[in-house]
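Asker: Provided herewith: start-v3.txt, compact mmCIF, C-alpha atoms.
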# COMPACT_ATOMS: atom_id res chain seq x y z
CA MET A 1 84.43 122.16 67.70
CA ILE A 2 83.40 121.83 71.34
CA SER A 3 85.17 124.13 73.83
CA VAL A 4 85.46 123.02 77.47
CA ILE A 5 86.74 125.04 80.42
CA VAL A 6 88.13 122.95 83.26
CA ALA A 7 88.25 124.72 86.65
CA GLY A 8 90.27 122.92 89.27
CA GLY A 9 93.32 124.74 90.56
CA GLY A 10 95.14 125.25 93.83
CA THR A 11 96.02 121.82 95.17
CA ALA A 12 96.78 118.50 93.50
CA GLY A 13 93.49 117.21 94.90
CA HIS A 14 91.65 119.61 92.58
CA ILE A 15 94.10 119.67 89.66
CA GLU A 16 94.66 115.95 89.12
CA PRO A 17 90.97 115.00 88.68
CA ALA A 18 90.54 118.02 86.39
CA LEU A 19 93.45 116.97 84.19
CA ALA A 20 92.29 113.34 84.20
CA VAL A 21 88.96 114.50 82.73
CA ALA A 22 90.77 116.75 80.24
CA ASP A 23 92.78 113.73 79.06
CA ALA A 24 89.60 111.65 78.81
CA LEU A 25 87.87 114.33 76.75
CA ARG A 26 90.72 114.31 74.25
CA ARG A 27 90.63 110.53 74.09
CA LEU A 28 86.93 110.71 73.20
CA ASP A 29 87.40 113.45 70.60
CA ASP A 30 90.81 114.97 69.87
CA SER A 31 89.19 118.02 68.28
CA ILE A 32 87.81 119.18 71.64
CA ARG A 33 89.33 122.44 72.85
CA VAL A 34 90.24 122.23 76.54
CA THR A 35 91.20 125.33 78.54
CA VAL A 36 92.25 125.11 82.18
CA LEU A 37 91.52 127.88 84.68
CA GLY A 38 94.01 128.51 87.45
CA THR A 39 95.82 131.10 89.54
CA GLU A 40 99.47 132.05 89.69
CA ARG A 41 99.83 130.72 93.24
CA GLY A 42 98.66 127.14 92.64
CA LEU A 43 100.37 123.95 91.52
CA GLU A 44 98.56 124.27 88.19
CA THR A 45 101.24 126.67 86.92
CA LYS A 46 103.58 123.67 86.83
CA LEU A 47 101.26 120.71 86.28
CA VAL A 48 99.02 122.07 83.52
CA PRO A 49 101.73 123.09 81.03
CA GLU A 50 103.49 119.77 81.64
CA ARG A 51 100.33 117.99 80.50
CA GLY A 52 100.05 120.12 77.37
CA TYR A 53 96.98 122.26 78.12
CA PRO A 54 96.61 126.05 77.85
CA LEU A 55 96.30 127.71 81.25
CA GLU A 56 94.33 130.92 81.79
CA LEU A 57 95.10 132.70 85.07
CA ILE A 58 92.42 134.46 87.11
CA PRO A 59 92.70 136.33 90.45
CA PRO A 60 92.36 133.86 93.35
CA VAL A 61 89.35 134.09 95.65
CA PRO A 62 90.26 132.32 98.91
CA LEU A 63 87.25 132.13 101.21
CA PRO A 64 88.04 133.22 104.81
CA ARG A 65 86.92 130.56 107.29
CA LYS A 66 86.71 133.08 110.13
CA PRO A 67 85.55 136.73 110.32
CA THR A 68 88.67 138.76 109.52
CA ALA A 69 89.64 141.88 107.58
CA ASP A 70 89.95 139.65 104.53
CA LEU A 71 86.20 139.13 104.62
CA LEU A 72 85.66 142.82 103.84
CA ARG A 73 87.82 142.53 100.74
CA LEU A 74 86.01 139.43 99.50
CA PRO A 75 83.28 141.13 97.36
CA GLY A 76 85.86 143.11 95.39
CA ARG A 77 88.00 140.04 94.83
CA VAL A 78 85.02 138.03 93.66
CA ARG A 79 83.98 140.75 91.17
CA ALA A 80 87.50 140.97 89.71
CA SER A 81 87.85 137.23 89.39
CA VAL A 82 84.40 136.76 87.86
CA ALA A 83 85.05 139.52 85.32
CA ARG A 84 88.34 137.92 84.27
CA THR A 85 86.69 134.50 84.06
CA ARG A 86 83.87 135.88 81.88
CA ALA A 87 86.50 137.28 79.53
CA VAL A 88 88.07 133.81 79.25
CA ILE A 89 84.65 132.23 78.62
CA ASP A 90 84.07 134.59 75.71
CA ALA A 91 87.60 134.32 74.34
CA VAL A 92 87.47 130.52 74.08
CA GLU A 93 83.73 130.44 73.27
CA ALA A 94 83.11 127.91 76.01
CA ASP A 95 80.29 125.41 75.56
CA VAL A 96 80.53 123.95 79.06
CA ILE A 97 82.43 124.46 82.31
CA VAL A 98 83.37 121.55 84.53
CA GLY A 99 84.46 122.49 88.03
CA PHE A 100 86.17 120.51 90.76
CA GLY A 101 85.83 122.87 93.71
CA GLY A 102 88.27 125.23 95.36
CA TYR A 103 88.90 128.92 94.87
CA VAL A 104 89.29 128.60 91.10
CA ALA A 105 85.94 126.91 90.60
CA LEU A 106 83.81 129.45 92.47
CA PRO A 107 84.43 132.37 90.06
CA ALA A 108 83.85 129.98 87.15
CA TYR A 109 80.46 128.96 88.53
CA LEU A 110 79.46 132.58 89.07
CA ALA A 111 80.74 133.72 85.68
CA ALA A 112 78.87 130.96 83.85
CA GLY A 113 75.64 132.93 84.24
CA SER A 114 76.45 135.10 81.22
CA GLY A 115 79.36 135.91 78.91
CA LEU A 116 80.42 139.48 78.20
CA ARG A 117 79.87 139.22 74.45
CA ARG A 118 77.33 136.50 73.80
CA ARG A 119 75.20 137.12 76.87
CA ARG A 120 74.17 133.50 77.17
CA LYS A 121 74.50 131.07 80.03
CA VAL A 122 77.18 128.41 79.87
CA PRO A 123 76.12 125.09 81.42
CA VAL A 124 78.08 123.83 84.40
CA VAL A 125 79.05 120.34 85.55
CA VAL A 126 80.18 120.08 89.17
CA HIS A 127 82.34 117.25 90.52
CA GLU A 128 82.96 116.80 94.25
CA ALA A 129 85.93 114.58 95.08
CA ASN A 130 85.75 114.78 98.86
CA ALA A 131 83.40 113.05 101.26
CA LYS A 132 82.15 116.48 102.39
CA ALA A 133 81.44 119.10 99.75
CA GLY A 134 83.16 122.46 100.02
CA ILE A 135 81.55 125.89 99.78
CA ALA A 136 82.45 126.43 96.11
CA ASN A 137 80.77 123.24 94.95
CA LYS A 138 77.74 123.85 97.13
CA VAL A 139 77.31 127.17 95.34
CA GLY A 140 77.99 125.65 91.92
CA ALA A 141 75.59 122.75 92.45
CA ARG A 142 72.63 125.14 92.77
CA ARG A 143 72.86 126.13 89.12
CA ALA A 144 74.64 123.12 87.62
CA ALA A 145 73.30 121.07 84.74
CA ARG A 146 74.79 117.94 86.32
CA VAL A 147 76.17 117.29 89.81
CA LEU A 148 78.65 114.45 90.31
CA ALA A 149 80.35 113.09 93.43
CA ALA A 150 83.02 110.59 94.36
CA VAL A 151 81.03 108.99 97.17
CA PRO A 152 77.43 108.99 98.44
CA ASP A 153 76.26 111.57 100.98
CA SER A 154 78.74 114.28 99.97
CA GLY A 155 76.29 117.02 100.90
CA LEU A 156 75.24 117.77 97.30
CA ALA A 157 71.60 116.87 96.77
CA GLY A 158 70.91 114.60 93.82
CA ALA A 159 74.58 114.04 93.01
CA GLN A 160 75.40 111.09 90.74
CA VAL A 161 78.15 108.93 92.28
CA VAL A 162 80.89 108.37 89.70
CA GLY A 163 84.08 108.07 91.75
CA ILE A 164 87.19 110.25 91.39
CA PRO A 165 88.71 110.80 87.95
CA VAL A 166 92.22 109.35 87.95
CA ARG A 167 94.75 109.69 85.12
CA ALA A 168 95.10 106.78 82.74
CA ALA A 169 98.75 106.25 83.71
CA ILE A 170 97.44 105.10 87.10
CA THR A 171 94.20 103.31 86.18
CA THR A 172 95.97 101.25 83.51
CA LEU A 173 99.09 100.60 85.58
CA ASP A 174 100.32 97.00 85.43
CA ARG A 175 102.28 96.84 88.67
CA ALA A 176 103.58 93.34 88.06
CA ALA A 177 104.89 94.17 84.60
CA LEU A 178 106.62 97.34 85.84
CA ARG A 179 107.92 95.92 89.10
CA ALA A 180 111.50 95.20 87.98
CA GLU A 181 111.88 98.54 86.16
CA ALA A 182 110.36 100.46 89.05
CA ARG A 183 112.59 98.92 91.67
CA ALA A 184 115.70 99.47 89.59
CA HIS A 185 114.68 103.11 89.10
CA PHE A 186 114.67 103.73 92.86
CA GLY A 187 117.62 101.47 93.71
CA LEU A 188 115.41 98.93 95.46
CA PRO A 189 116.03 95.16 95.46
CA ALA A 190 114.26 93.07 92.83
CA GLU A 191 112.94 90.69 95.50
CA GLY A 192 111.52 91.18 98.96
CA PRO A 193 108.73 93.41 100.33
CA VAL A 194 108.79 97.19 99.84
CA LEU A 195 106.92 99.74 101.94
CA LEU A 196 105.99 103.04 100.26
CA VAL A 197 105.59 106.07 102.53
CA PHE A 198 104.38 109.51 101.49
CA GLY A 199 102.41 112.32 103.08
CA GLY A 200 101.25 114.29 100.06
CA SER A 201 103.28 116.76 98.03
CA GLN A 202 104.66 118.45 101.18
CA GLY A 203 105.23 115.33 103.24
CA ALA A 204 103.96 114.66 106.76
CA VAL A 205 106.17 114.93 109.84
CA SER A 206 104.22 112.38 111.89
CA LEU A 207 104.52 109.75 109.13
CA ASN A 208 108.20 110.57 108.71
CA GLU A 209 108.98 110.13 112.40
CA ALA A 210 106.94 106.97 112.88
CA VAL A 211 108.34 105.02 109.94
CA SER A 212 111.94 106.22 110.17
CA GLY A 213 111.81 105.44 113.90
CA ALA A 214 111.20 101.78 112.99
CA ALA A 215 113.87 101.70 110.26
CA THR A 216 116.14 99.26 112.10
CA GLN A 217 113.31 96.76 112.64
CA LEU A 218 112.12 97.12 109.05
CA ALA A 219 115.62 96.37 107.76
CA ALA A 220 115.97 93.42 110.12
CA ALA A 221 112.73 91.98 108.71
CA GLY A 222 114.08 92.34 105.17
CA ILE A 223 111.63 95.13 104.29
CA SER A 224 112.90 97.90 102.02
CA VAL A 225 111.39 101.38 102.28
CA LEU A 226 110.73 104.05 99.66
CA HIS A 227 109.96 107.20 101.64
CA ALA A 228 109.02 110.61 100.20
CA HIS A 229 109.49 112.91 103.20
CA GLY A 230 108.58 116.26 101.61
CA PRO A 231 110.82 118.93 100.06
CA LYS A 232 110.87 121.08 103.21
CA ASN A 233 111.47 118.21 105.62
CA THR A 234 114.55 116.21 106.51
CA LEU A 235 114.69 112.57 107.47
CA GLU A 236 117.17 110.92 109.81
CA VAL A 237 117.50 107.17 109.46
CA ALA A 238 119.57 105.20 111.96
CA ALA A 239 122.88 104.04 110.51
CA GLY A 240 122.08 100.47 111.50
CA ALA A 241 119.00 100.55 109.30
CA GLN A 242 121.05 100.95 106.13
CA PRO A 243 122.87 97.87 104.78
CA ALA A 244 126.63 98.23 105.04
CA ALA A 245 128.63 98.12 101.83
CA GLY A 246 129.59 94.56 100.99
CA SER A 247 127.37 93.13 103.73
CA GLY A 248 125.05 91.37 101.30
CA ALA A 249 122.02 92.91 103.01
CA THR A 250 119.25 93.84 100.59
CA ALA A 251 116.75 96.02 102.46
CA PRO A 252 117.70 99.66 101.89
CA TYR A 253 115.83 102.68 103.21
CA VAL A 254 115.49 105.04 100.22
CA ALA A 255 114.51 108.55 101.30
CA VAL A 256 113.64 111.23 98.71
CA PRO A 257 112.11 114.71 99.03
CA TYR A 258 109.45 114.12 96.37
CA LEU A 259 108.24 111.41 94.00
CA SER A 260 107.79 112.69 90.45
CA ARG A 261 107.05 109.17 89.16
CA MET A 262 104.21 107.96 91.33
CA ASP A 263 103.39 105.26 88.79
CA LEU A 264 106.81 103.68 89.37
CA ALA A 265 106.52 104.18 93.13
CA TYR A 266 103.22 102.29 93.17
CA ALA A 267 104.67 99.54 90.96
CA ALA A 268 107.66 99.10 93.27
CA ALA A 269 105.58 98.83 96.45
CA ASP A 270 103.71 96.08 98.26
CA ALA A 271 101.93 98.32 100.79
CA VAL A 272 101.60 102.01 101.61
CA VAL A 273 101.57 104.31 104.63
CA CYS A 274 99.96 107.60 103.55
CA ARG A 275 97.46 110.34 104.27
CA SER A 276 93.90 109.88 103.04
CA GLY A 277 93.16 112.83 100.83
CA ALA A 278 90.55 112.00 98.22
CA MET A 279 93.04 111.78 95.35
CA THR A 280 95.49 109.66 97.34
CA VAL A 281 92.78 107.15 98.27
CA ALA A 282 91.56 107.03 94.67
CA GLU A 283 95.02 106.33 93.24
CA VAL A 284 96.15 103.85 95.88
CA SER A 285 92.95 101.83 95.59
CA ALA A 286 92.97 102.04 91.78
CA VAL A 287 96.38 100.32 91.63
CA GLY A 288 95.33 97.74 94.22
CA LEU A 289 97.75 98.53 97.04
CA PRO A 290 96.98 97.68 100.67
CA ALA A 291 97.26 100.87 102.69
CA PHE A 292 97.56 102.25 106.19
CA TYR A 293 95.60 105.50 105.85
CA VAL A 294 96.53 108.18 108.39
CA PRO A 295 93.97 111.03 108.18
CA LEU A 296 95.04 114.57 108.97
CA PRO A 297 94.46 115.19 112.69
CA HIS A 298 92.80 118.55 112.00
CA GLY A 299 90.09 119.80 109.66
CA ASN A 300 86.51 118.59 109.33
CA GLY A 301 87.25 114.87 109.39
CA GLU A 302 86.80 114.41 105.64
CA GLN A 303 90.08 112.50 105.24
CA GLU A 304 88.82 109.67 107.43
CA LEU A 305 85.56 109.63 105.47
CA ASN A 306 87.53 109.39 102.22
CA ALA A 307 89.20 106.17 103.35
CA ARG A 308 86.20 104.44 104.89
CA PRO A 309 84.78 102.86 101.69
CA VAL A 310 88.13 101.17 100.90
CA VAL A 311 88.59 100.07 104.50
CA ARG A 312 85.06 98.60 104.59
CA GLN A 313 85.96 96.52 101.53
CA GLY A 314 89.05 95.20 103.33
CA GLY A 315 91.62 97.16 101.30
CA GLY A 316 93.27 99.03 104.14
CA SER A 317 93.24 100.30 107.70
CA ILE A 318 92.60 103.73 109.20
CA VAL A 319 95.22 104.78 111.74
CA PRO A 320 94.65 107.93 113.84
CA ASP A 321 97.61 110.28 113.53
CA SER A 322 98.30 110.09 117.27
CA GLU A 323 98.49 106.29 117.11
CA LEU A 324 100.98 106.07 114.25
CA THR A 325 104.20 105.46 116.16
CA PRO A 326 107.33 103.38 115.56
CA LYS A 327 105.71 100.70 117.74
CA TYR A 328 102.64 100.63 115.48
CA VAL A 329 104.86 100.18 112.45
CA ILE A 330 106.66 97.31 114.19
CA ASP A 331 103.48 95.64 115.50
CA GLU A 332 101.14 96.15 112.51
CA VAL A 333 102.94 97.23 109.34
CA ILE A 334 105.81 94.75 109.44
CA PRO A 335 103.57 91.69 110.01
CA LEU A 336 101.39 92.65 107.03
CA LEU A 337 104.38 93.00 104.73
CA MET A 338 105.62 89.58 105.79
CA ASP A 339 102.26 87.96 104.97
CA SER A 340 102.12 87.62 101.16
CA ALA A 341 98.69 85.93 101.14
CA ARG A 342 97.14 88.75 103.16
CA LEU A 343 98.78 91.35 100.91
CA ILE A 344 97.22 89.76 97.83
CA GLU A 345 93.79 89.56 99.47
CA MET A 346 93.87 93.21 100.61
CA GLY A 347 95.16 94.35 97.21
CA ARG A 348 92.23 92.73 95.46
CA ALA A 349 89.81 94.31 97.92
CA ALA A 350 91.36 97.75 97.39
CA ALA A 351 91.15 97.47 93.61
CA GLY A 352 87.49 96.46 93.84
CA ALA A 353 86.57 99.50 95.93
CA GLY A 354 87.28 102.20 93.36
CA HIS A 355 85.85 103.54 90.10
CA ARG A 356 88.63 103.04 87.56
CA ASP A 357 86.52 104.47 84.71
CA ALA A 358 85.52 107.68 86.52
CA ALA A 359 87.44 110.02 84.19
CA ASP A 360 85.76 108.58 81.09
CA THR A 361 82.35 108.70 82.77
CA VAL A 362 82.74 112.36 83.70
CA ALA A 363 84.06 113.20 80.21
CA ARG A 364 81.03 111.63 78.56
CA ILE A 365 78.68 113.54 80.83
CA VAL A 366 80.50 116.81 80.07
CA LEU A 367 80.09 116.19 76.33
CA GLU A 368 76.40 115.35 76.77
CA VAL A 369 75.86 118.66 78.56
CA ALA A 370 77.89 120.62 75.96
CA ARG A 371 75.96 119.09 73.07
CA GLY A 372 72.64 119.43 74.81
Here is the file; what I need is its structure written in the form of structure tokens.
Answerer:
Amino acid sequence: MISVIVAGGGTAGHIEPALAVADALRRLDDSIRVTVLGTERGLETKLVPERGYPLELIPPVPLPRKPTADLLRLPGRVRASVARTRAVIDAVEADVIVGFGGYVALPAYLAAGSGLRRRRKVPVVVHEANAKAGIANKVGARRAARVLAAVPDSGLAGAQVVGIPVRAAITTLDRAALRAEARAHFGLPAEGPVLLVFGGSQGAVSLNEAVSGAATQLAAAGISVLHAHGPKNTLEVAAGAQPAAGSGATAPYVAVPYLSRMDLAYAAADAVVCRSGAMTVAEVSAVGLPAFYVPLPHGNGEQELNARPVVRQGGGSIVPDSELTPKYVIDEVIPLLMDSARLIEMGRAAAGAGHRDAADTVARIVLEVARG
């Protein structure tokens, strides 16, 4: 029996590709033993058990971006996390480790050098989902058996471009077949255009304000909205933007804190306003939805780079955060949603820009390395 450790905790951007590969491994061979590494502070404590995988917790090793007192404590934290990870490697008798970056992957890469009991190296496969590789994957790539990336020029020399692993529920989604069920689920009309808005698991205030600020005009155009504003945010929608009871109007503005059924949200929608994290771009393009990508206004610019390949193919637009205003929604988003021919053309372009088989490709490579 082959034993695989999957290291990808912290954020959904690391966890979702990791779990997509775990699912693909089991599809290839249901006897494979998959163990997920994580920490008690990440989303993996909720997502991994829900998907039916054992989760082994290790001490987190966040890497300080600036010289602070935390930097002095880093060596001790790394040693503790590596020791715990080595114990997991030996306990599950790992044959291969596949890492997806972040502060869970780094200890896994370092611990792969030798196990406590067997004293043998465990081969590593590194996957970089972002357009710019992070520190953990740069370290892991130096000793990895295989290095994989979502896009070219990620900063990892010799990386094989395979795309981003996306769960089968998304890559196999038949939006047309699910459309009626999806719209009924959210209380949306069966006919007419629907705009989906979300800013990641925590929402995005700038997206919330821009779209809700154009709610009256969206309703007047007959465009319904499904808006996930984030669990810690609130959303005020003008009373005139909601159809009055008995008015016969059919363009509601449905605001929810969080979307637990993204497959149904994608099936209900005709276009999306969203951030452009690597996982978001991969899912939105995989289901063939035209998108207005609004990169985070801070950071190293990787969110804009994530969206560029889809935009070059004609599957979306990049909108700077400062330019996403109610006026932009009125001038650009509404006209697109009223143009069914353009929606179809952009949807096809978006679907053609991704790698729908990335999870299976990565899973096969992981098995090749384990068996080799």
Asker: For Lys138 of chain A, please output as number ranges by chain all residues within 10 Å (counting all atoms listed in the file; exclusion window: fewer than 4 positions along the same chain).
Answerer: A: 101, 106, 126, 128, 133-134, 142-143, 147, 155-157
Asker: Env of Val369 of chain A: 12 Å cut, atoms = all atoms listed in the file, seq-sep filter 2 positions within chain, self excluded. Answer as a list in words.
Answerer: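 Here the answer would be Ile2, Ser3, Val4, Asp95, Val96, Ile97, Val98, Val122, Pro123, Val124, Val125, Val126, Ala144, Ala145, Arg146, Val147, Val362, Ala363, Arg364, Ile365, Val366, Leu367, Arg371 and Gly372 of chain A.
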Asker: Which polymer residues, whether protein, DNA or RNA, lie within 10 Å of the coordinate (86.6, 106.8, 98.4) when you count all atoms listed in the file? List them as a list in words, using the chain letters and numbers from the file.
Answerer: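 Residues found, by chain and rising number: Ala129, Asn130, Ala131, Ala150, Val151, Pro152, Gly163, Ile164, Ser276, Gly277, Ala278, Met279, Thr280, Val281, Ala282, Glu283, Ser285, Gln303, Glu304, Leu305, Asn306, Ala307, Arg308, Pro309, Val310, Val311, Ala353, Gly354 and His355 of chain A.
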Asker: Between A:Thr35, A:Ser224, A:Thr216, A:Ser206, which one has atoms that come closest to Glu56 of chain A, using all atoms listed in the file?
Answerer: A:Thr35
Asker: Quick one: distance from atom CA of Glu345 of chain A to atom CA of Gly314 of chain A in Å, one decimal?
Answerer: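 Separating atom CA of Glu345 of chain A from atom CA of Gly314 of chain A is a distance of 8.3 Å.
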Asker: Residues proximal to (91.8, 97.9, 100.8) were defined as those with any atom within 8 Å of that point in the file's coordinates, counting all atoms listed in the file. Which are they, as a PyMOL selection string?
Answerer: chain A and resi 285+288-291+310-317+346-351+353
Asker: Pick out the residues sitting within 6 Å of segment 75-84 of chain A, and hand them over as an MDAnalysis selection string; count all atoms listed in the file, and ignore anything fewer than 2 positions along from it in its own chain.
Answerer: chainID A and resid 58:59 73 86:87 107 111
Asker: Which residues, written as a list in words, have at least one atom at most 9 Å from segment 192-195 of chain A, with all atoms listed in the file counted and residues fewer than 3 positions away on the same chain left out?
Answerer: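 Surrounding residues, per the criterion: Leu188, Pro189, Gly222, Ile223, Ser224, Val225, Leu226, His227, Thr250, Ala251, Ala268, Ala269, Asp270, Ala271, Val272, Val273, Val333, Leu337, Met338 and Ser340 of chain A.
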Asker: To one decimal place, how far is atom CA of Val284 of chain A from atom CA of Val36 of chain A in Å?
Answerer: 25.6 Å
